[in-house]
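Working notes, structure below.
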Amino acid sequence: MDHILEIEDLSASYGKVKVLHGMTFTLDEGEVLSIIGSNGAGKTTLLQTISGLLRPAAGRIKFCGQDITAMHPAKIAQLGLVQVPEGRQVFSSLTVYDNLIMGAYRQRKQGSKQIKSDLDRVFDMFPRLRERTRQNAGTLSGGEQQMLAIGRAIMARPKAILLDEPSLGLAPIFVREIFRRIRDLSENGPVILVEQNVRAALDVSNRGLVMRLGKIVKGGDSRGLQQDAEVVEAFLGERTAPSAEDPRATAIEKGTGENGGRL
């Protein structure tokens with residue numbers, strides 16, 4: 001199988017501080033891949049490095065067979081790798097409609113008929129946006145702004161989507177709506193989902209990777225991770241009862257994993 005995205009031995013730093021350490025994984029067509037980990041694990045840094053906002057210190061990134069490791073972020077977006085950033089970052093002074101049209105910028109040569117079709121797809125996914133087409137984005141609720149940010153990404157006709165903390169700061173009703181639609185997003189292109197709501201992330205994803213201190217320390221299908229003792233203990237808020245003979249017992253009690261690092 002040809003992978004949509006290939007990350008090979010990727011490292012990244014902020015100044016002299018190394019944040020990512022030799023990360024290797026792939027993303028395939030139709031897949032939702034969850035990246036989970038504690039605050040400071042490097043999850044957002046990973047997305048920023050993939051999308052070109054942060055230059056890698058080492059390693060290689062290939063997208064649809066093309067090396068994008070040193071590519072400008074605008075060029076990466078033009079190739080179809082689209083990021084929905086943490087905090088939505090909609091254009092608050094523009095209307096909902098204008099924000100969506102901005103997302104279609106690289107599709108402008110395809111004509112109004114295709115753009116209208118893409119708008120209809122967004123409005124079918126998020127009917128609230130259709131009701132607020134002429135409303136300034138800055139007056140929307142946080143949940144509606146998140147819908148708009150995702151809709152703007154769909155308008156770009158992505159080949160893959162990087163989705164950063166979509167539930168951050170949202171009311172539960174909007175969290176449920178956003179996650180209900182994340183699986184639908186994979187029809188537009190595979191999704192890498194970075195999310196603090198680990199249970200919801202694993203519920204909607206095919207695979208998951210656990211990050212700790214800039215490294216991948218565990219990975220597998222999402223169902224399996226939901227049953228993994230360390231993942232349950234660290235992220236899902238359920239106590240496990242490892243036996244005294246279980247070498248993970250002390251580590252789990254202290255909230256640490258292999259090599260003493262915190263999950």
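By convention here, the chains of the structure tokens are called A, B, ... in the order presented, each chain's residues are numbered starting at 1, and ligands are numbered starting at 1 in the order presented.
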I need the residues in segment 54-223 of chain A that are alpha helix (DSSP H) according to DSSP; give them as a short mmCIF file (atom, residue, chain, number, x, y, z; two decimals) with N, CA, C and O atoms, in the first residue's frame.
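This is the output file selection16.cif:
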```cif
data_model
loop_
_atom_site.label_atom_id
_atom_site.label_comp_id
_atom_site.auth_asym_id
_atom_site.auth_seq_id
_atom_site.Cartn_x
_atom_site.Cartn_y
_atom_site.Cartn_z
N PRO A 73 5.29 26.25 4.04
CA PRO A 73 3.95 25.81 4.43
C PRO A 73 2.85 26.12 3.42
O PRO A 73 1.90 25.34 3.27
N ALA A 74 2.97 27.24 2.71
CA ALA A 74 1.96 27.57 1.70
C ALA A 74 1.96 26.54 0.57
O ALA A 74 0.89 26.14 0.07
N LYS A 75 3.14 26.09 0.18
CA LYS A 75 3.25 25.09 -0.87
C LYS A 75 2.71 23.75 -0.38
O LYS A 75 2.03 23.02 -1.13
N ILE A 76 2.98 23.42 0.88
CA ILE A 76 2.45 22.17 1.44
C ILE A 76 0.92 22.20 1.43
O ILE A 76 0.27 21.22 1.07
N ALA A 77 0.34 23.33 1.81
CA ALA A 77 -1.13 23.47 1.78
C ALA A 77 -1.66 23.34 0.36
O ALA A 77 -2.71 22.72 0.13
N GLN A 78 -0.94 23.89 -0.61
CA GLN A 78 -1.36 23.79 -2.01
C GLN A 78 -1.37 22.34 -2.49
O GLN A 78 -2.18 21.96 -3.34
N LEU A 79 -0.48 21.53 -1.93
CA LEU A 79 -0.44 20.12 -2.30
C LEU A 79 -1.62 19.34 -1.72
O LEU A 79 -1.89 18.22 -2.15
N VAL A 96 -19.11 34.21 7.85
CA VAL A 96 -18.96 32.77 7.72
C VAL A 96 -18.72 32.40 6.26
O VAL A 96 -17.81 31.61 5.94
N TYR A 97 -19.50 32.98 5.37
CA TYR A 97 -19.36 32.69 3.94
C TYR A 97 -17.96 33.05 3.44
O TYR A 97 -17.32 32.26 2.75
N ASP A 98 -17.48 34.24 3.81
CA ASP A 98 -16.17 34.67 3.34
C ASP A 98 -15.05 33.81 3.90
O ASP A 98 -14.05 33.54 3.23
N ASN A 99 -15.18 33.36 5.16
CA ASN A 99 -14.19 32.44 5.72
C ASN A 99 -14.13 31.15 4.91
O ASN A 99 -13.05 30.64 4.61
N LEU A 100 -15.29 30.63 4.54
CA LEU A 100 -15.33 29.39 3.76
C LEU A 100 -14.73 29.60 2.37
O LEU A 100 -14.00 28.74 1.86
N ILE A 101 -15.03 30.73 1.76
CA ILE A 101 -14.48 31.03 0.43
C ILE A 101 -12.96 31.18 0.50
O ILE A 101 -12.24 30.77 -0.42
N MET A 102 -12.46 31.72 1.61
CA MET A 102 -11.01 31.80 1.79
C MET A 102 -10.39 30.40 1.77
O MET A 102 -9.30 30.19 1.24
N GLY A 103 -11.11 29.44 2.35
CA GLY A 103 -10.62 28.07 2.33
C GLY A 103 -10.51 27.50 0.93
O GLY A 103 -9.70 26.61 0.66
N SER A 112 -17.03 28.29 -10.18
CA SER A 112 -18.02 28.49 -9.13
C SER A 112 -18.87 27.26 -8.88
O SER A 112 -19.36 27.06 -7.76
N LYS A 113 -19.08 26.43 -9.88
CA LYS A 113 -19.93 25.25 -9.70
C LYS A 113 -19.32 24.30 -8.67
O LYS A 113 -20.04 23.77 -7.80
N GLN A 114 -18.00 24.06 -8.75
CA GLN A 114 -17.36 23.18 -7.80
C GLN A 114 -17.37 23.79 -6.41
O GLN A 114 -17.61 23.10 -5.41
N ILE A 115 -17.11 25.10 -6.33
CA ILE A 115 -17.10 25.77 -5.03
C ILE A 115 -18.48 25.71 -4.39
O ILE A 115 -18.62 25.47 -3.19
N LYS A 116 -19.53 25.88 -5.19
CA LYS A 116 -20.90 25.77 -4.67
C LYS A 116 -21.15 24.36 -4.15
O LYS A 116 -21.77 24.18 -3.09
N SER A 117 -20.66 23.35 -4.85
CA SER A 117 -20.83 21.97 -4.41
C SER A 117 -20.12 21.73 -3.07
O SER A 117 -20.65 21.06 -2.18
N ASP A 118 -18.92 22.31 -2.95
CA ASP A 118 -18.17 22.15 -1.70
C ASP A 118 -18.87 22.87 -0.55
O ASP A 118 -18.90 22.37 0.59
N LEU A 119 -19.43 24.04 -0.82
CA LEU A 119 -20.18 24.77 0.20
C LEU A 119 -21.37 23.94 0.68
O LEU A 119 -21.64 23.85 1.89
N ASP A 120 -22.07 23.33 -0.25
CA ASP A 120 -23.22 22.50 0.11
C ASP A 120 -22.78 21.33 0.99
O ASP A 120 -23.49 20.95 1.93
N ARG A 121 -21.61 20.76 0.70
CA ARG A 121 -21.10 19.66 1.51
C ARG A 121 -20.84 20.12 2.94
O ARG A 121 -21.17 19.43 3.91
N VAL A 122 -20.23 21.30 3.08
CA VAL A 122 -19.96 21.85 4.41
C VAL A 122 -21.27 22.13 5.15
O VAL A 122 -21.42 21.78 6.33
N PHE A 123 -22.24 22.73 4.46
CA PHE A 123 -23.50 23.06 5.11
C PHE A 123 -24.31 21.82 5.47
O PHE A 123 -25.05 21.81 6.45
N ASP A 124 -24.17 20.76 4.69
CA ASP A 124 -24.82 19.50 5.04
C ASP A 124 -24.20 18.90 6.29
O ASP A 124 -24.89 18.29 7.12
N MET A 125 -22.89 19.06 6.43
CA MET A 125 -22.19 18.54 7.60
C MET A 125 -22.50 19.38 8.84
O MET A 125 -22.71 18.85 9.94
N PRO A 127 -25.14 22.20 9.58
CA PRO A 127 -26.27 23.06 9.20
C PRO A 127 -26.28 24.41 9.89
O PRO A 127 -26.81 25.39 9.34
N ARG A 128 -25.68 24.50 11.09
CA ARG A 128 -25.62 25.79 11.79
C ARG A 128 -24.92 26.85 10.94
O ARG A 128 -25.25 28.04 11.01
N LEU A 129 -23.92 26.43 10.17
CA LEU A 129 -23.18 27.40 9.36
C LEU A 129 -24.05 27.97 8.24
O LEU A 129 -23.92 29.15 7.87
N ARG A 130 -24.92 27.16 7.70
CA ARG A 130 -25.84 27.65 6.66
C ARG A 130 -26.74 28.75 7.24
O ARG A 130 -27.04 29.74 6.57
N GLU A 131 -27.16 28.58 8.49
CA GLU A 131 -28.03 29.56 9.13
C GLU A 131 -27.31 30.86 9.45
O GLU A 131 -27.96 31.89 9.65
N GLY A 142 -17.83 29.33 20.40
CA GLY A 142 -16.61 28.57 20.17
C GLY A 142 -16.86 27.32 19.34
O GLY A 142 -16.08 26.99 18.45
N GLY A 143 -17.96 26.63 19.62
CA GLY A 143 -18.29 25.43 18.87
C GLY A 143 -18.58 25.73 17.41
O GLY A 143 -18.16 24.98 16.51
N GLU A 144 -19.29 26.82 17.16
CA GLU A 144 -19.59 27.20 15.78
C GLU A 144 -18.32 27.63 15.05
O GLU A 144 -18.16 27.33 13.86
N GLN A 145 -17.40 28.29 15.76
CA GLN A 145 -16.13 28.65 15.14
C GLN A 145 -15.32 27.40 14.78
O GLN A 145 -14.64 27.38 13.75
N GLN A 146 -15.38 26.37 15.63
CA GLN A 146 -14.67 25.13 15.31
C GLN A 146 -15.28 24.47 14.08
O GLN A 146 -14.55 23.96 13.22
N MET A 147 -16.60 24.48 13.99
CA MET A 147 -17.25 23.96 12.78
C MET A 147 -16.78 24.74 11.56
O MET A 147 -16.51 24.15 10.50
N LEU A 148 -16.67 26.05 11.71
CA LEU A 148 -16.25 26.89 10.59
C LEU A 148 -14.80 26.58 10.19
O LEU A 148 -14.48 26.51 8.99
N ALA A 149 -13.93 26.39 11.18
CA ALA A 149 -12.53 26.08 10.88
C ALA A 149 -12.42 24.75 10.13
O ALA A 149 -11.63 24.62 9.18
N ILE A 150 -13.21 23.77 10.54
CA ILE A 150 -13.20 22.49 9.84
C ILE A 150 -13.80 22.64 8.44
O ILE A 150 -13.28 22.10 7.46
N GLY A 151 -14.90 23.40 8.35
CA GLY A 151 -15.51 23.65 7.05
C GLY A 151 -14.56 24.34 6.09
O GLY A 151 -14.51 24.02 4.90
N ARG A 152 -13.79 25.29 6.61
CA ARG A 152 -12.81 25.99 5.78
C ARG A 152 -11.77 25.02 5.23
O ARG A 152 -11.34 25.12 4.08
N ALA A 153 -11.37 24.05 6.06
CA ALA A 153 -10.42 23.04 5.60
C ALA A 153 -11.03 22.17 4.51
O ALA A 153 -10.37 21.84 3.52
N ILE A 154 -12.29 21.80 4.65
CA ILE A 154 -12.97 20.98 3.64
C ILE A 154 -13.03 21.73 2.31
O ILE A 154 -12.88 21.13 1.23
N MET A 155 -13.22 23.04 2.36
CA MET A 155 -13.29 23.84 1.14
C MET A 155 -12.00 23.79 0.34
O MET A 155 -12.00 24.05 -0.86
N PRO A 172 -20.05 20.63 25.99
CA PRO A 172 -20.23 19.21 25.64
C PRO A 172 -21.09 18.98 24.41
O PRO A 172 -20.80 18.07 23.62
N ILE A 173 -22.14 19.77 24.20
CA ILE A 173 -23.01 19.56 23.05
C ILE A 173 -22.25 19.74 21.74
O ILE A 173 -22.46 19.01 20.76
N PHE A 174 -21.29 20.69 21.72
CA PHE A 174 -20.50 20.92 20.51
C PHE A 174 -19.41 19.85 20.37
O PHE A 174 -19.06 19.46 19.26
N VAL A 175 -18.88 19.40 21.50
CA VAL A 175 -17.87 18.33 21.44
C VAL A 175 -18.47 17.09 20.77
O VAL A 175 -17.86 16.48 19.89
N ARG A 176 -19.68 16.74 21.20
CA ARG A 176 -20.34 15.57 20.61
C ARG A 176 -20.56 15.75 19.12
O ARG A 176 -20.36 14.83 18.32
N GLU A 177 -20.97 16.95 18.70
CA GLU A 177 -21.23 17.21 17.29
C GLU A 177 -19.95 17.15 16.47
O GLU A 177 -19.91 16.56 15.38
N ILE A 178 -18.88 17.76 16.98
CA ILE A 178 -17.61 17.76 16.26
C ILE A 178 -17.10 16.33 16.08
O ILE A 178 -16.71 15.93 14.98
N PHE A 179 -17.12 15.56 17.14
CA PHE A 179 -16.59 14.20 17.04
C PHE A 179 -17.48 13.30 16.20
O PHE A 179 -17.00 12.36 15.56
N ARG A 180 -18.76 13.61 16.17
CA ARG A 180 -19.65 12.84 15.31
C ARG A 180 -19.28 13.01 13.84
O ARG A 180 -19.53 12.13 13.01
N ARG A 181 -18.66 14.13 13.51
CA ARG A 181 -18.33 14.43 12.12
C ARG A 181 -16.89 14.11 11.73
O ARG A 181 -16.55 14.17 10.54
N ILE A 182 -16.06 13.80 12.70
CA ILE A 182 -14.65 13.56 12.37
C ILE A 182 -14.48 12.35 11.46
O ILE A 182 -13.66 12.36 10.53
N ARG A 183 -15.26 11.29 11.70
CA ARG A 183 -15.19 10.14 10.80
C ARG A 183 -15.56 10.52 9.38
O ARG A 183 -14.99 10.02 8.41
N ASP A 184 -16.54 11.45 9.26
CA ASP A 184 -16.94 11.90 7.92
C ASP A 184 -15.79 12.61 7.22
O ASP A 184 -15.68 12.58 5.99
N LEU A 185 -14.94 13.28 8.00
CA LEU A 185 -13.82 14.01 7.40
C LEU A 185 -12.89 13.11 6.63
O LEU A 185 -12.28 13.52 5.64
N VAL A 198 -9.11 11.86 25.26
CA VAL A 198 -8.54 10.61 24.74
C VAL A 198 -9.63 9.60 24.42
O VAL A 198 -9.57 8.92 23.38
N ARG A 199 -10.61 9.49 25.28
CA ARG A 199 -11.67 8.51 25.04
C ARG A 199 -12.39 8.81 23.72
O ARG A 199 -12.61 7.93 22.89
N ALA A 200 -12.76 10.09 23.51
CA ALA A 200 -13.45 10.46 22.28
C ALA A 200 -12.56 10.26 21.06
O ALA A 200 -13.02 9.80 20.01
N ALA A 201 -11.27 10.60 21.20
CA ALA A 201 -10.35 10.44 20.08
C ALA A 201 -10.21 8.99 19.67
O ALA A 201 -10.25 8.66 18.47
N LEU A 202 -10.06 8.10 20.63
CA LEU A 202 -9.91 6.68 20.30
C LEU A 202 -11.22 6.09 19.79
O LEU A 202 -11.20 5.15 18.98
N ASP A 203 -12.34 6.64 20.22
CA ASP A 203 -13.64 6.16 19.73
C ASP A 203 -13.82 6.40 18.23
O ASP A 203 -14.46 5.62 17.54
N VAL A 204 -13.26 7.52 17.72
CA VAL A 204 -13.49 7.86 16.31
C VAL A 204 -12.34 7.50 15.40
O VAL A 204 -12.45 7.64 14.18
N SER A 222 -7.06 1.46 17.73
CA SER A 222 -7.66 2.25 18.80
C SER A 222 -8.37 1.38 19.83
O SER A 222 -8.32 1.66 21.03
N ARG A 223 -9.05 0.34 19.36
CA ARG A 223 -9.75 -0.55 20.30
C ARG A 223 -8.76 -1.18 21.27
O ARG A 223 -9.02 -1.29 22.48
#
```
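Each of A:Gln66, A:Thr139, A:Ser34, A:Thr49 was compared to Pro190 of chain A using only C-alpha atoms, and A:Ser34 turns out to be the nearest.
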Item to check | Surrounding residues of Leu10 of chain A excluding itself and chain neighbours under 3 positions, 6 Å, only C-alpha atoms, as a count of residues only | outcome: 4
Next on the checklist: I'd like the neighbourhood of segment 210-217 of chain A as a count of residues only, where a residue qualifies if any of its atoms comes within 12 Å (using only C-alpha atoms), though same-chain residues fewer than 5 positions away should be ignored.
Outcome noted: 53
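Taking atom CA of Gln227 of chain A and atom CA of Val32 of chain A as the two end points, the separation is 18.6 Å.
Once Ala160 of chain A and its same-chain neighbours fewer than 2 positions away are set aside, Gly80, Leu81, Val82, Pro158, Leu162, Gly189, Pro190 and Val191 of chain A remain within 7 Å of it when counting only C-alpha atoms.
Across the structure, atom CA of Gln83 of chain A and atom CA of Ile50 of chain A are spaced 9.4 Å apart.
Between Gln48 of chain A and the residues A:Cys64, A:Leu163, A:Leu27, A:Val90, the shortest atom-to-atom distance, using only C-alpha atoms, involves A:Leu163.
The spacing separating atom CA of Met71 of chain A from atom CA of Gln89 of chain A amounts to 22.6 Å.
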Next on the checklist: Would you pick out the contacts of Thr69 of chain A at 8 Å or less, using only C-alpha atoms, so that residues sharing its chain but fewer than 2 positions from it are not included, and give the list as a VMD selection string?
Outcome noted: chain A and resid 50 52 55 to 56 59 to 62 67 71
Generate the output file for the selected residues, N, CA, C and O atoms, as a PDB file, in the first residue's frame.
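Dumped to selection31.pdb:
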```pdb
ATOM      1  N   ILE A  50       4.981  18.903  10.548  1.00  0.00           N
ATOM      2  CA  ILE A  50       4.470  18.255   9.339  1.00  0.00           C
ATOM      3  C   ILE A  50       3.962  19.291   8.343  1.00  0.00           C
ATOM      4  O   ILE A  50       4.192  19.176   7.133  1.00  0.00           O
ATOM      5  N   GLY A  52       4.906  22.331   7.976  1.00  0.00           N
ATOM      6  CA  GLY A  52       5.935  23.262   7.522  1.00  0.00           C
ATOM      7  C   GLY A  52       6.072  24.520   8.343  1.00  0.00           C
ATOM      8  O   GLY A  52       6.914  25.372   8.035  1.00  0.00           O
ATOM      9  N   ARG A  55      10.536  24.075  10.987  1.00  0.00           N
ATOM     10  CA  ARG A  55      11.476  23.309  10.169  1.00  0.00           C
ATOM     11  C   ARG A  55      12.061  22.147  10.977  1.00  0.00           C
ATOM     12  O   ARG A  55      12.544  22.356  12.090  1.00  0.00           O
ATOM     13  N   PRO A  56      12.044  20.937  10.444  1.00  0.00           N
ATOM     14  CA  PRO A  56      12.601  19.792  11.175  1.00  0.00           C
ATOM     15  C   PRO A  56      14.099  19.957  11.399  1.00  0.00           C
ATOM     16  O   PRO A  56      14.807  20.542  10.573  1.00  0.00           O
ATOM     17  N   GLY A  59      15.402  14.148   9.883  1.00  0.00           N
ATOM     18  CA  GLY A  59      14.341  13.265   9.424  1.00  0.00           C
ATOM     19  C   GLY A  59      13.741  13.690   8.102  1.00  0.00           C
ATOM     20  O   GLY A  59      14.202  14.647   7.458  1.00  0.00           O
ATOM     21  N   ARG A  60      12.685  12.982   7.705  1.00  0.00           N
ATOM     22  CA  ARG A  60      12.075  13.227   6.394  1.00  0.00           C
ATOM     23  C   ARG A  60      10.557  13.109   6.489  1.00  0.00           C
ATOM     24  O   ARG A  60      10.025  12.275   7.223  1.00  0.00           O
ATOM     25  N   ILE A  61       9.869  13.957   5.719  1.00  0.00           N
ATOM     26  CA  ILE A  61       8.411  13.927   5.614  1.00  0.00           C
ATOM     27  C   ILE A  61       8.058  13.791   4.143  1.00  0.00           C
ATOM     28  O   ILE A  61       8.483  14.607   3.319  1.00  0.00           O
ATOM     29  N   LYS A  62       7.281  12.759   3.804  1.00  0.00           N
ATOM     30  CA  LYS A  62       6.818  12.583   2.430  1.00  0.00           C
ATOM     31  C   LYS A  62       5.296  12.616   2.417  1.00  0.00           C
ATOM     32  O   LYS A  62       4.640  11.990   3.250  1.00  0.00           O
ATOM     33  N   ASP A  67       8.686  14.524  -1.307  1.00  0.00           N
ATOM     34  CA  ASP A  67       9.412  14.979  -0.125  1.00  0.00           C
ATOM     35  C   ASP A  67       9.047  16.437   0.165  1.00  0.00           C
ATOM     36  O   ASP A  67       9.293  17.322  -0.658  1.00  0.00           O
ATOM     37  N   MET A  71       9.860  22.124   2.567  1.00  0.00           N
ATOM     38  CA  MET A  71       8.940  22.903   1.738  1.00  0.00           C
ATOM     39  C   MET A  71       8.252  24.005   2.548  1.00  0.00           C
ATOM     40  O   MET A  71       7.976  23.847   3.740  1.00  0.00           O
TER      41      MET A  71
END
```
